[in-house]
Number of protein chains: 2
Amino acid sequence: MEGLTIGEVANRVGVQPSALRYYESAGILEAPRRVNGQRRYDVTVLNQLAIIQTAQRLGFTVAEIRTLFYGFEAATPASTRWQTLAQSKLIELEALIRQAQKMKEMLKEIEKCGCLNLEECGQLLKQSDN
Amino acid sequence: MEGLTIGEVANRVGVQPSALRYYESAGILEAPRRVNGQRRYDVTVLNQLAIIQTAQRLGFTVAEIRTLFYGFEAATPASTRWQTLAQSKLIELEALIRQAQKMKEMLKEIEKCGCLNLEECGQLLKQSDN
DNA sequence: GTAATAGTTAAAGTGAACTTTAAGTCAAGA
DNA sequence: TCTTGACTTAAAGTTCACTTTAACTATTAC
């Protein structure tokens with residue numbers, strides 16, 4: 001019930017405490033309660049951080065994460081703007097997956113023969129581009 | 001036969017000429033021939049740039065691209081080290097694809113109801129993690 | 001001839017996402 | 001008590017991938 005310190009959270013998710021303070025200042029991690037001025041986190045923060053890390057690996061910026069997960073009240077005129085971002089990110093994700101599949105094939109080729117160079121790979125990527 | 005100028009290449013691939021000079025200095029784009037001191041590129045450079053851009057979208061750093069596509073002669077002791085990188089990148093790519101699928105589902109949820117927040121998403125991501 | 005346009009280099013500047021530093025607080029253990 | 005370790009803040013520093021700037025050259029249009 002006491003909560004996790006910043007160091008414990010950092011250890012569990014594999015980041016530095018300073019990164020967690022940065023996420024808080026950047027508005028993608030809510031400020032937790034304090035004990036003697038020190039942050040005490042609920043375990044649910046671990047799930048939230050998993051999402052943040054996943055989103056980052058997929059190329060989402062901190063600003064986009066903030067908009068996507070907290071932005072629907074801040075997207076002032078209409079939450080439409082925020083939904084538009086979600087939609088366009090969906091499309092980007094689908095393109096990312098397709099490209100990742102193609103890159104996988106290229107890496108497998110490299111693994112096989114070791115004689116592939118950028119130019120040959122270009123041919124591989126050329127058909128059915130993007 | 002005359003070749004493409006840096007500006008023409010930049011226009012076609014949608015980057016600034018300075019980016020191409022940077023790639024060259026970073027060792028991921030070979031120095032082309034010169035005419036009056038100016039770079040003249042072969043059309044094959046367009047394929048190479050397509051790969052570079054794809055690799056970057058997938059989270060590869062410039063250093064990794066250099067090692068993966070040009071590193072097999074520089075990986076001095078054995079090109080095994082470089083093949084190991086290709087293998088580990090393959091594994092990372094597969095993880096990336098899985099995460100992208102999951103993130104897609106999350107964004108679809110967001111799109112549907114607009115009431116999702118980071119904490120609820122955490123639950124979504126929790127089952128069958130990573 | 002001269003002005004505009006596109007290229008050249010080296011070096012400094014930029015934005016994103018953190019990290020490090022400096023100076024301080026707080027609680028537990030010897 | 002005092003020192004060790006983990007926390008606090010604000011501000012400066014770092015890395016990556018470029019971009020911008022400054023000073024210059026070369027080609028084309030008038």
# chains A, B, ... in the order shown; residues from 1 in each chain; ligands from 1

call {"tool": "residues_around", "arguments": {"residues": "segment 18-30 of chain D", "least_positions_apart": "3", "cutoff": "12 Å", "atoms": "only C-alpha atoms (C1' of nucleotides)", "output": "ChimeraX atom specification"}}
result
/B:15-23,25-26,35-38,62 /C:1-15

call {"tool": "interface_residues", "arguments": {"of": "chain C", "to": "chain A", "cutoff": "10 Å", "atoms": "only C-alpha atoms (C1' of nucleotides)", "output": "NGL selection string"}}
result
:C and (16-20 or 25-26)

call {"tool": "write_last_selection", "arguments": {"atoms": "N, CA and C atoms (P, O5', C5', C4', C3', O3' and C1' of nucleotides)", "output": "short mmCIF file (atom, residue, chain, number, x, y, z; two decimals), in the first residue's frame"}}
result
data_model
loop_
_atom_site.label_atom_id
_atom_site.label_comp_id
_atom_site.auth_asym_id
_atom_site.auth_seq_id
_atom_site.Cartn_x
_atom_site.Cartn_y
_atom_site.Cartn_z
P DA C 16 10.86 19.53 -30.61
"O5'" DA C 16 11.04 17.96 -30.41
"C5'" DA C 16 11.56 17.16 -31.44
"C4'" DA C 16 12.13 15.89 -30.84
"C3'" DA C 16 11.49 15.50 -29.52
"O3'" DA C 16 11.22 14.10 -29.54
"C1'" DA C 16 13.83 15.72 -29.26
P DA C 17 10.36 13.43 -28.34
"O5'" DA C 17 11.50 12.85 -27.39
"C5'" DA C 17 12.37 11.84 -27.89
"C4'" DA C 17 13.44 11.54 -26.85
"C3'" DA C 17 12.90 11.34 -25.41
"O3'" DA C 17 13.63 10.29 -24.79
"C1'" DA C 17 14.54 12.96 -25.41
P DC C 18 12.88 9.30 -23.71
"O5'" DC C 18 13.01 9.86 -22.24
"C5'" DC C 18 13.87 10.87 -21.75
"C4'" DC C 18 15.32 10.68 -22.03
"C3'" DC C 18 16.14 10.48 -20.80
"O3'" DC C 18 17.08 9.42 -20.93
"C1'" DC C 18 16.88 12.42 -22.00
P DT C 19 17.80 8.92 -19.50
"O5'" DT C 19 19.05 9.93 -19.40
"C5'" DT C 19 20.09 9.87 -20.35
"C4'" DT C 19 21.28 10.68 -19.85
"C3'" DT C 19 21.74 10.34 -18.44
"O3'" DT C 19 23.17 10.32 -18.51
"C1'" DT C 19 21.20 12.64 -18.54
P DT C 20 24.05 9.93 -17.21
"O5'" DT C 20 24.63 11.35 -16.76
"C5'" DT C 20 25.10 12.26 -17.73
"C4'" DT C 20 25.48 13.58 -17.05
"C3'" DT C 20 26.08 13.41 -15.65
"O3'" DT C 20 27.26 14.19 -15.63
"C1'" DT C 20 24.27 14.95 -15.61
P DT C 25 18.61 21.73 3.00
"O5'" DT C 25 17.65 20.48 2.71
"C5'" DT C 25 16.42 20.65 2.01
"C4'" DT C 25 15.68 19.32 2.01
"C3'" DT C 25 15.42 18.75 3.40
"O3'" DT C 25 14.09 18.26 3.41
"C1'" DT C 25 16.58 17.16 2.11
P DC C 26 13.35 18.00 4.84
"O5'" DC C 26 13.44 16.42 5.00
"C5'" DC C 26 12.94 15.58 3.95
"C4'" DC C 26 13.40 14.15 4.19
"C3'" DC C 26 13.33 13.68 5.64
"O3'" DC C 26 12.45 12.58 5.67
"C1'" DC C 26 15.37 13.04 4.61
#

call {"tool": "closest_residue", "arguments": {"among": "A:Leu29, A:Ile97, A:Ala10, A:Leu4", "to": "chain B", "atoms": "only C-alpha atoms"}}
result
A:Ile97

call {"tool": "interface_residues", "arguments": {"of": "chain D", "to": "chain A", "cutoff": "12 Å", "atoms": "only C-alpha atoms (C1' of nucleotides)", "output": "number ranges by chain"}}
result
D: 5-9

call {"tool": "closest_residue", "arguments": {"among": "B:Asn47, B:Gln101, B:Gly3, B:Glu64", "to": "chain A", "atoms": "only C-alpha atoms"}}
result
B:Asn47

call {"tool": "interface_residues", "arguments": {"of": "chain B", "to": "chain A", "cutoff": "7 Å", "atoms": "only C-alpha atoms", "output": "list in words"}}
result
Thr44, Asn47, Gln48, Ile51, Thr54, Leu58, Phe69, Tyr70, Gln83, Ala86, Gln87, Leu90, Leu93, Ile97, Gln99, Ala100, Lys104, Leu107, Glu111, Asn117, Leu118, Glu119 and Gly122 of chain B

call {"tool": "residues_around", "arguments": {"residues": "DT3 of chain D", "least_positions_apart": "4", "cutoff": "12 Å", "atoms": "only C-alpha atoms (C1' of nucleotides)", "output": "list in words"}}
result
DA28, DG29 and DA30 of chain C

call {"tool": "write_last_selection", "arguments": {"atoms": "C-alpha atoms (C1' of nucleotides)", "output": "short mmCIF file (atom, residue, chain, number, x, y, z; two decimals), in the first residue's frame"}}
result
data_model
loop_
_atom_site.label_atom_id
_atom_site.label_comp_id
_atom_site.auth_asym_id
_atom_site.auth_seq_id
_atom_site.Cartn_x
_atom_site.Cartn_y
_atom_site.Cartn_z
"C1'" DA C 28 17.94 4.39 8.44
"C1'" DG C 29 22.11 2.05 10.27
"C1'" DA C 30 26.86 1.85 12.92
#

call {"tool": "atom_distance", "arguments": {"atom1": "atom CA of Ala31 of chain B", "atom2": "atom CA of Asn11 of chain B"}}
result
18.4 Å

call {"tool": "select_by_dssp", "arguments": {"residues": "segment 6-60 of chain A", "states": "strand (DSSP E or B)", "output": "number ranges by chain"}}
result
A: 33-35, 38-41

call {"tool": "atom_distance", "arguments": {"atom1": "atom C1' of DG24 of chain C", "atom2": "atom CA of Glu30 of chain A"}}
result
25.0 Å

call {"tool": "atom_distance", "arguments": {"atom1": "atom CA of Gln53 of chain A", "atom2": "atom CA of Gly14 of chain A"}}
result
10.2 Å
